[in-house]
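A short worksheet on the structure shown next.
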Amino acid sequence: MRRFSVFIILLFCAILHTAAQNRSNLRQIGVTQLQNAMYLEALNTMNDAIMYEPTASDLYFFRGYAKYGLDDYIGAETDYTTSIELFPYQPDVYINRAIVRSQQEKFEGAFEDFARALEMDSKNVTIYLNRARINLFTKHYDDCINDCYRAIDLDDTEPMVYLLKGSAEMGLGNHYTAISSFLKVMEIDSTNPYGFIQMGAAWMELERHDSAIFYLDHSLKLDSNNIYALFNRAVARINNKDKEGALTDLNKIINLSPYNSYAYFNRAIILSEMKELNAAIRDLTTVIRLNPENLISYYYRGLLRMETNDLRGALDDFDKTIDLYPDYTDGYMARSDVKEKLKDRKGAAIDHQLGLDAAKRNENRPDTLDFDEKNYLKNLIKLSGNFEEMNTMASKFQNQYVDIQLSPVFNLFFGQARYDLIELYDSYPKEHYYTSIISLSNKPYLVTDSARRAIVARQTTLLDSVSRNPESYLIRAVSYTGLKEFALATADCDVAIGMDPAFVLLYFARANAIYGLYQSRLEEEKSKRLPGIGEIPEEEVDSARLKENAILIEAILQNYKLVIQLDPGFPFAYYNRGVLYATLGNYQEALYDFRRSVDLKKNFAEGYFNLGLIYLLMKDKNGGCKYLSKAGELGIPDAYKVMKRFCYE
């Protein structure tokens, strides 16, 4: 007996030793992934490590760094804060939190973090460099230069300090002093393209465009795909009346970064001056798709549509311009001109007067836009874009294209798959269930159609040869739904409900079957629309079909309601109903359901993702980005792509 006890003790010690090794291995694996810029992988590794050691401050620091690498500044700040709460004596954590706070324009908190870090390490060059960056961004140029001098006293071989100092000098209008700083960058590191780029920018501001192009050419010899250098050279070439050269640079930017609104906008301006009006309209349409609330693109496109005699299109653009900025004088005047051409003299007169009234209100802030003379650089400040190399093999994951859609509905799952691909619901000891663990998935590809047909055949045999039971009807109904045999699925649910009216999952399966039918009808209607025409006008839609759709929607909602009445703790009913509400545009109802789903199910990644999207749709960026950050942490990588596009300007 004693020998057996000793064996148990030794086995227990071995298990503890193995667990300790696993924890150590996870930490090391995660750090290696961070060093190799494998941020998604590092995030998942650190999630696992934190499960083992929830009070280890360094793990939150590492996970925060992974989130920072994914441009999730909200999530990174949260993890850095947790790390500080657990161990408040690491200056690097304060530095990193200051950086991500500055990315969110929380400058006061960032400066507080730098001050705290300096208390612990007053000779840390990194602190002064990063504080200088923020002072430069906030246009505190003298403070930026002071920080640069402190950094130089500690390390005068760091090229970044001279880049920052030179940029601050440019902000103060001291261009020749700035040039001396940029020359110092080149002296320290002749392979650094940014010294040459900033030198080019300085000469551009001095209107020495040939000199600017000389330095920008050199920077592109060092890095031929540097989008910032290409864009600056395009602007210099525009100012040098070299439209063909500018087009060449802008075309290359668009090839490297297909979602860069700056490049499309400036190419549209050049094309319009070259009388390539349709091409210019296409580029402005792309800018509008990337930045739907950019009024200047609607206004310019409206002017071009007038030139091409697309008066209705121009009217739509000027309507949108005025919707976005009701005090926009030129918008009213342009719309007045269009209405005059459309023989709407009364409307033209009203708009003309509205334009005059707006001009009086704006006497001290003129907003007239001269299409030929407008400074190209000033146009840029009205646009949101970035100079990351998007959608290329070398790009960051979060900069890649994402088709932004709600995470789809969950259905019951009767098959085999890895646990990370399915969700489990513990129905024990609840009533109205036949099993204690329910499997669900929103990934239809996990079950093939041939497997579904096999399930249907097996359940049909059981129902024909053995006493009929509601569970077999349920399994067959779910398979029919996967096969898009929605009527058969609904019929099976109806029969089974007649046998057991309190069986929760039958109502859930029936709701999903009807939802599938509703979605298939929407797809059918969509396929009948002509490309480029857009939505069918409401009066042209078959009224009978509208009534049928309304009946289907009511049936879906009623079935989810019955599920919730029978089991108020079933998160997937709320989630699925939230998806339906969201597709109908009922965002408040969708918000309630998604919030309820994440309250009921801990770490419900899809629930957080959809919650984030709905908040963004409702123009609540803070709420949306917070929930998207949580969804990314829980394993939905596309959340970071959405955040990159919508959370930070």
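Residue numbering restarts at 1 for every chain of the structure tokens, chains are lettered A, B, ... in their displayed order, and ligands are numbered from 1 as they appear.
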
Selection near range 434-446 of chain A, 6 Å with only C-alpha atoms, sequence-local residues under 2 positions removed, as number ranges by chain
A: 409-413, 422-428

Those residues with all heavy atoms, as an mmCIF file, in the first residue's frame please?
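selection-v2.cif was written with the following content:
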data_model
loop_
_atom_site.group_PDB
_atom_site.id
_atom_site.type_symbol
_atom_site.label_atom_id
_atom_site.label_comp_id
_atom_site.auth_asym_id
_atom_site.auth_seq_id
_atom_site.Cartn_x
_atom_site.Cartn_y
_atom_site.Cartn_z
ATOM 1 N N VAL A 409 -24.787 32.794 -38.592
ATOM 2 C CA VAL A 409 -25.569 32.134 -37.540
ATOM 3 C C VAL A 409 -24.985 30.757 -37.215
ATOM 4 O O VAL A 409 -24.293 30.144 -38.024
ATOM 5 C CB VAL A 409 -27.047 31.976 -37.957
ATOM 6 C CG1 VAL A 409 -27.708 33.323 -38.171
ATOM 7 C CG2 VAL A 409 -27.181 31.099 -39.195
ATOM 8 N N PHE A 410 -25.291 30.286 -36.010
ATOM 9 C CA PHE A 410 -24.909 28.948 -35.569
ATOM 10 C C PHE A 410 -26.057 27.979 -35.788
ATOM 11 O O PHE A 410 -27.232 28.343 -35.633
ATOM 12 C CB PHE A 410 -24.531 28.955 -34.085
ATOM 13 C CG PHE A 410 -23.136 29.435 -33.822
ATOM 14 C CD1 PHE A 410 -22.857 30.786 -33.746
ATOM 15 C CD2 PHE A 410 -22.094 28.526 -33.668
ATOM 16 C CE1 PHE A 410 -21.573 31.236 -33.506
ATOM 17 C CE2 PHE A 410 -20.805 28.965 -33.434
ATOM 18 C CZ PHE A 410 -20.540 30.329 -33.352
ATOM 19 N N ASN A 411 -25.694 26.764 -36.158
ATOM 20 C CA ASN A 411 -26.676 25.693 -36.248
ATOM 21 C C ASN A 411 -26.160 24.502 -35.448
ATOM 22 O O ASN A 411 -24.981 24.438 -35.079
ATOM 23 C CB ASN A 411 -26.922 25.299 -37.703
ATOM 24 C CG ASN A 411 -28.337 24.781 -37.915
ATOM 25 O OD1 ASN A 411 -28.987 24.304 -36.981
ATOM 26 N ND2 ASN A 411 -28.830 24.880 -39.147
ATOM 27 N N LEU A 412 -27.042 23.580 -35.178
ATOM 28 C CA LEU A 412 -26.635 22.360 -34.482
ATOM 29 C C LEU A 412 -25.666 21.578 -35.353
ATOM 30 O O LEU A 412 -25.758 21.607 -36.590
ATOM 31 C CB LEU A 412 -27.863 21.517 -34.156
ATOM 32 C CG LEU A 412 -28.890 22.216 -33.252
ATOM 33 C CD1 LEU A 412 -30.167 21.410 -33.180
ATOM 34 C CD2 LEU A 412 -28.312 22.435 -31.863
ATOM 35 N N PHE A 413 -24.733 20.881 -34.698
ATOM 36 C CA PHE A 413 -23.680 20.188 -35.429
ATOM 37 C C PHE A 413 -23.687 18.716 -35.043
ATOM 38 O O PHE A 413 -23.536 18.363 -33.872
ATOM 39 C CB PHE A 413 -22.323 20.815 -35.089
ATOM 40 C CG PHE A 413 -21.156 20.144 -35.767
ATOM 41 C CD1 PHE A 413 -20.909 20.348 -37.108
ATOM 42 C CD2 PHE A 413 -20.309 19.309 -35.050
ATOM 43 C CE1 PHE A 413 -19.831 19.741 -37.732
ATOM 44 C CE2 PHE A 413 -19.239 18.700 -35.660
ATOM 45 C CZ PHE A 413 -18.997 18.909 -37.003
ATOM 46 N N ILE A 422 -15.743 24.122 -33.219
ATOM 47 C CA ILE A 422 -17.147 24.013 -32.830
ATOM 48 C C ILE A 422 -17.348 24.660 -31.463
ATOM 49 O O ILE A 422 -16.389 24.987 -30.775
ATOM 50 C CB ILE A 422 -17.626 22.539 -32.797
ATOM 51 C CG1 ILE A 422 -16.812 21.741 -31.767
ATOM 52 C CG2 ILE A 422 -17.543 21.910 -34.176
ATOM 53 C CD1 ILE A 422 -17.318 20.320 -31.566
ATOM 54 N N GLU A 423 -18.603 24.850 -31.103
ATOM 55 C CA GLU A 423 -18.955 25.371 -29.788
ATOM 56 C C GLU A 423 -19.779 24.321 -29.057
ATOM 57 O O GLU A 423 -20.561 23.584 -29.684
ATOM 58 C CB GLU A 423 -19.763 26.668 -29.910
ATOM 59 C CG GLU A 423 -19.008 27.820 -30.538
ATOM 60 C CD GLU A 423 -17.925 28.376 -29.638
ATOM 61 O OE1 GLU A 423 -17.938 28.076 -28.418
ATOM 62 O OE2 GLU A 423 -17.064 29.128 -30.141
ATOM 63 N N LEU A 424 -19.605 24.251 -27.754
ATOM 64 C CA LEU A 424 -20.345 23.297 -26.930
ATOM 65 C C LEU A 424 -21.239 24.052 -25.949
ATOM 66 O O LEU A 424 -20.847 25.082 -25.406
ATOM 67 C CB LEU A 424 -19.390 22.388 -26.162
ATOM 68 C CG LEU A 424 -18.443 21.533 -27.011
ATOM 69 C CD1 LEU A 424 -17.491 20.744 -26.117
ATOM 70 C CD2 LEU A 424 -19.221 20.591 -27.921
ATOM 71 N N TYR A 425 -22.432 23.529 -25.751
ATOM 72 C CA TYR A 425 -23.367 24.114 -24.783
ATOM 73 C C TYR A 425 -23.752 23.037 -23.781
ATOM 74 O O TYR A 425 -24.212 21.957 -24.156
ATOM 75 C CB TYR A 425 -24.606 24.646 -25.490
ATOM 76 C CG TYR A 425 -25.649 25.213 -24.547
ATOM 77 C CD1 TYR A 425 -25.379 26.335 -23.779
ATOM 78 C CD2 TYR A 425 -26.900 24.613 -24.417
ATOM 79 C CE1 TYR A 425 -26.324 26.862 -22.906
ATOM 80 C CE2 TYR A 425 -27.862 25.129 -23.558
ATOM 81 C CZ TYR A 425 -27.563 26.259 -22.802
ATOM 82 O OH TYR A 425 -28.506 26.767 -21.940
ATOM 83 N N ASP A 426 -23.525 23.349 -22.512
ATOM 84 C CA ASP A 426 -23.828 22.401 -21.436
ATOM 85 C C ASP A 426 -25.301 22.541 -21.049
ATOM 86 O O ASP A 426 -25.690 23.524 -20.418
ATOM 87 C CB ASP A 426 -22.920 22.689 -20.240
ATOM 88 C CG ASP A 426 -23.108 21.670 -19.115
ATOM 89 O OD1 ASP A 426 -23.933 20.754 -19.280
ATOM 90 O OD2 ASP A 426 -22.432 21.812 -18.075
ATOM 91 N N SER A 427 -26.109 21.580 -21.435
ATOM 92 C CA SER A 427 -27.548 21.636 -21.151
ATOM 93 C C SER A 427 -27.930 20.871 -19.883
ATOM 94 O O SER A 427 -29.109 20.794 -19.534
ATOM 95 C CB SER A 427 -28.340 21.070 -22.334
ATOM 96 O OG SER A 427 -27.923 19.747 -22.629
ATOM 97 N N TYR A 428 -26.928 20.322 -19.197
ATOM 98 C CA TYR A 428 -27.202 19.595 -17.952
ATOM 99 C C TYR A 428 -27.288 20.594 -16.801
ATOM 100 O O TYR A 428 -26.458 21.494 -16.694
ATOM 101 C CB TYR A 428 -26.093 18.569 -17.681
ATOM 102 C CG TYR A 428 -26.292 17.780 -16.410
ATOM 103 C CD1 TYR A 428 -27.124 16.665 -16.397
ATOM 104 C CD2 TYR A 428 -25.655 18.170 -15.229
ATOM 105 C CE1 TYR A 428 -27.307 15.945 -15.226
ATOM 106 C CE2 TYR A 428 -25.840 17.455 -14.064
ATOM 107 C CZ TYR A 428 -26.667 16.337 -14.063
ATOM 108 O OH TYR A 428 -26.870 15.627 -12.903
#

Can you list, as a PDB file with N, CA, C and O atoms, in the first residue's frame, every protein, DNA or RNA residue that comes within 10 Å of Leu129 in chain A when you count only C-alpha atoms, leaving out same-chain residues fewer than 2 positions away?
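Listing of around.pdb after writing:
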ATOM      1  N   ASN A 124      17.359  56.503 -20.090  1.00  0.00           N
ATOM      2  CA  ASN A 124      16.846  55.622 -21.136  1.00  0.00           C
ATOM      3  C   ASN A 124      16.538  56.453 -22.388  1.00  0.00           C
ATOM      4  O   ASN A 124      15.587  57.241 -22.416  1.00  0.00           O
ATOM      5  N   VAL A 125      17.343  56.285 -23.429  1.00  0.00           N
ATOM      6  CA  VAL A 125      17.188  57.056 -24.670  1.00  0.00           C
ATOM      7  C   VAL A 125      15.810  56.829 -25.292  1.00  0.00           C
ATOM      8  O   VAL A 125      15.198  57.751 -25.854  1.00  0.00           O
ATOM      9  N   THR A 126      15.311  55.606 -25.195  1.00  0.00           N
ATOM     10  CA  THR A 126      14.027  55.253 -25.807  1.00  0.00           C
ATOM     11  C   THR A 126      12.898  56.142 -25.290  1.00  0.00           C
ATOM     12  O   THR A 126      11.994  56.508 -26.046  1.00  0.00           O
ATOM     13  N   ILE A 127      12.952  56.491 -24.013  1.00  0.00           N
ATOM     14  CA  ILE A 127      11.899  57.334 -23.439  1.00  0.00           C
ATOM     15  C   ILE A 127      11.900  58.703 -24.104  1.00  0.00           C
ATOM     16  O   ILE A 127      10.852  59.212 -24.537  1.00  0.00           O
ATOM     17  N   ARG A 131       8.951  60.177 -26.494  1.00  0.00           N
ATOM     18  CA  ARG A 131       8.262  61.393 -26.067  1.00  0.00           C
ATOM     19  C   ARG A 131       8.438  62.494 -27.114  1.00  0.00           C
ATOM     20  O   ARG A 131       7.524  63.297 -27.357  1.00  0.00           O
ATOM     21  N   ALA A 132       9.593  62.511 -27.747  1.00  0.00           N
ATOM     22  CA  ALA A 132       9.819  63.486 -28.827  1.00  0.00           C
ATOM     23  C   ALA A 132       8.854  63.248 -29.983  1.00  0.00           C
ATOM     24  O   ALA A 132       8.340  64.199 -30.585  1.00  0.00           O
ATOM     25  N   ARG A 133       8.617  61.995 -30.300  1.00  0.00           N
ATOM     26  CA  ARG A 133       7.658  61.669 -31.370  1.00  0.00           C
ATOM     27  C   ARG A 133       6.295  62.281 -31.084  1.00  0.00           C
ATOM     28  O   ARG A 133       5.656  62.870 -31.958  1.00  0.00           O
ATOM     29  N   ILE A 134       5.825  62.083 -29.846  1.00  0.00           N
ATOM     30  CA  ILE A 134       4.497  62.576 -29.491  1.00  0.00           C
ATOM     31  C   ILE A 134       4.481  64.102 -29.486  1.00  0.00           C
ATOM     32  O   ILE A 134       3.517  64.734 -29.944  1.00  0.00           O
ATOM     33  N   ASN A 135       5.541  64.724 -28.986  1.00  0.00           N
ATOM     34  CA  ASN A 135       5.613  66.187 -29.022  1.00  0.00           C
ATOM     35  C   ASN A 135       5.606  66.705 -30.456  1.00  0.00           C
ATOM     36  O   ASN A 135       5.002  67.747 -30.742  1.00  0.00           O
ATOM     37  N   CYS A 144       9.736  68.904 -28.402  1.00  0.00           N
ATOM     38  CA  CYS A 144      10.323  67.807 -29.191  1.00  0.00           C
ATOM     39  C   CYS A 144      11.832  68.003 -29.328  1.00  0.00           C
ATOM     40  O   CYS A 144      12.615  67.065 -29.118  1.00  0.00           O
ATOM     41  N   ASP A 147      13.664  67.241 -26.083  1.00  0.00           N
ATOM     42  CA  ASP A 147      13.807  65.797 -25.882  1.00  0.00           C
ATOM     43  C   ASP A 147      14.899  65.229 -26.778  1.00  0.00           C
ATOM     44  O   ASP A 147      15.646  64.327 -26.380  1.00  0.00           O
ATOM     45  N   CYS A 148      14.979  65.751 -28.006  1.00  0.00           N
ATOM     46  CA  CYS A 148      16.018  65.275 -28.922  1.00  0.00           C
ATOM     47  C   CYS A 148      17.413  65.599 -28.383  1.00  0.00           C
ATOM     48  O   CYS A 148      18.330  64.774 -28.461  1.00  0.00           O
ATOM     49  N   TYR A 149      17.590  66.797 -27.826  1.00  0.00           N
ATOM     50  CA  TYR A 149      18.897  67.159 -27.267  1.00  0.00           C
ATOM     51  C   TYR A 149      19.266  66.236 -26.100  1.00  0.00           C
ATOM     52  O   TYR A 149      20.426  65.834 -25.942  1.00  0.00           O
ATOM     53  N   ARG A 150      18.269  65.899 -25.272  1.00  0.00           N
ATOM     54  CA  ARG A 150      18.541  64.984 -24.153  1.00  0.00           C
ATOM     55  C   ARG A 150      18.950  63.606 -24.674  1.00  0.00           C
ATOM     56  O   ARG A 150      19.846  62.962 -24.123  1.00  0.00           O
ATOM     57  N   ALA A 151      18.258  63.157 -25.730  1.00  0.00           N
ATOM     58  CA  ALA A 151      18.612  61.861 -26.314  1.00  0.00           C
ATOM     59  C   ALA A 151      20.008  61.907 -26.929  1.00  0.00           C
ATOM     60  O   ALA A 151      20.790  60.947 -26.810  1.00  0.00           O
ATOM     61  N   ILE A 152      20.342  63.031 -27.590  1.00  0.00           N
ATOM     62  CA  ILE A 152      21.675  63.170 -28.209  1.00  0.00           C
ATOM     63  C   ILE A 152      22.760  63.128 -27.142  1.00  0.00           C
ATOM     64  O   ILE A 152      23.838  62.539 -27.340  1.00  0.00           O
ATOM     65  N   GLU A 158      22.200  57.849 -32.912  1.00  0.00           N
ATOM     66  CA  GLU A 158      20.873  57.335 -33.249  1.00  0.00           C
ATOM     67  C   GLU A 158      20.262  58.214 -34.348  1.00  0.00           C
ATOM     68  O   GLU A 158      19.929  59.380 -34.108  1.00  0.00           O
ATOM     69  N   MET A 160      17.362  58.283 -35.719  1.00  0.00           N
ATOM     70  CA  MET A 160      15.984  58.703 -35.506  1.00  0.00           C
ATOM     71  C   MET A 160      15.904  60.040 -34.778  1.00  0.00           C
ATOM     72  O   MET A 160      15.020  60.859 -35.056  1.00  0.00           O
ATOM     73  N   VAL A 161      16.822  60.289 -33.856  1.00  0.00           N
ATOM     74  CA  VAL A 161      16.756  61.528 -33.086  1.00  0.00           C
ATOM     75  C   VAL A 161      16.940  62.740 -34.004  1.00  0.00           C
ATOM     76  O   VAL A 161      16.300  63.790 -33.819  1.00  0.00           O
ATOM     77  N   LEU A 164      13.706  63.281 -36.033  1.00  0.00           N
ATOM     78  CA  LEU A 164      12.688  63.961 -35.230  1.00  0.00           C
ATOM     79  C   LEU A 164      13.043  65.435 -35.045  1.00  0.00           C
ATOM     80  O   LEU A 164      12.176  66.310 -35.183  1.00  0.00           O
ATOM     81  N   LYS A 165      14.283  65.695 -34.727  1.00  0.00           N
ATOM     82  CA  LYS A 165      14.713  67.082 -34.514  1.00  0.00           C
ATOM     83  C   LYS A 165      14.526  67.900 -35.796  1.00  0.00           C
ATOM     84  O   LYS A 165      13.998  69.026 -35.782  1.00  0.00           O
TER      85      LYS A 165
END

Tyr325 in chain A proximity check over A:Met199, A:Ile475, A:Ala268, A:Leu295, using only C-alpha atoms: winner is A:Leu295

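Going from CA of Met499 in chain A over to CA of Gly516 in chain A, you cover 24.1 Å.
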
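Distances from A:Leu617, A:Lys526, A:Val31, A:Val93 to Ser57 in chain A were compared using only C-alpha atoms, and the smallest one belongs to A:Val93.
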
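For the pair CA of Gly612 in chain A and CA of Lys626 in chain A, the interatomic distance is 7.2 Å.
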
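Ranking A:Asn512, A:Asn251, A:Ser219, A:Asn549 by their shortest atom-to-atom distance to Thr191 in chain A, with only C-alpha atoms included, puts A:Ser219 first.
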
Residues at most 10 Å from range 451-466 of chain A, counting only C-alpha atoms, excluding those fewer than 4 positions away in the same chain, as an mmCIF file with C-alpha atoms, in the first residue's frame?
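Final output, out11.cif:
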data_model
loop_
_atom_site.group_PDB
_atom_site.id
_atom_site.type_symbol
_atom_site.label_atom_id
_atom_site.label_comp_id
_atom_site.auth_asym_id
_atom_site.auth_seq_id
_atom_site.Cartn_x
_atom_site.Cartn_y
_atom_site.Cartn_z
ATOM 1 C CA PHE A 414 -23.854 16.411 -35.837
ATOM 2 C CA GLY A 415 -20.442 15.362 -37.047
ATOM 3 C CA LEU A 446 -17.268 21.147 -41.674
ATOM 4 C CA VAL A 447 -19.916 18.756 -43.018
ATOM 5 C CA PRO A 470 -38.151 13.640 -31.920
ATOM 6 C CA GLU A 471 -34.355 13.484 -31.839
ATOM 7 C CA SER A 472 -34.119 11.592 -35.134
ATOM 8 C CA TYR A 473 -36.403 14.142 -36.760
ATOM 9 C CA LEU A 474 -34.185 16.907 -35.357
ATOM 10 C CA ILE A 475 -30.969 15.398 -36.733
ATOM 11 C CA ARG A 476 -32.568 14.864 -40.141
ATOM 12 C CA ALA A 477 -34.005 18.412 -40.142
ATOM 13 C CA VAL A 478 -30.579 19.940 -39.469
ATOM 14 C CA SER A 479 -29.091 17.894 -42.322
ATOM 15 C CA TYR A 480 -31.910 18.959 -44.650
ATOM 16 C CA THR A 481 -31.157 22.601 -43.785
ATOM 17 C CA GLY A 482 -27.500 22.069 -44.693
ATOM 18 C CA LEU A 483 -28.650 20.614 -48.025
#
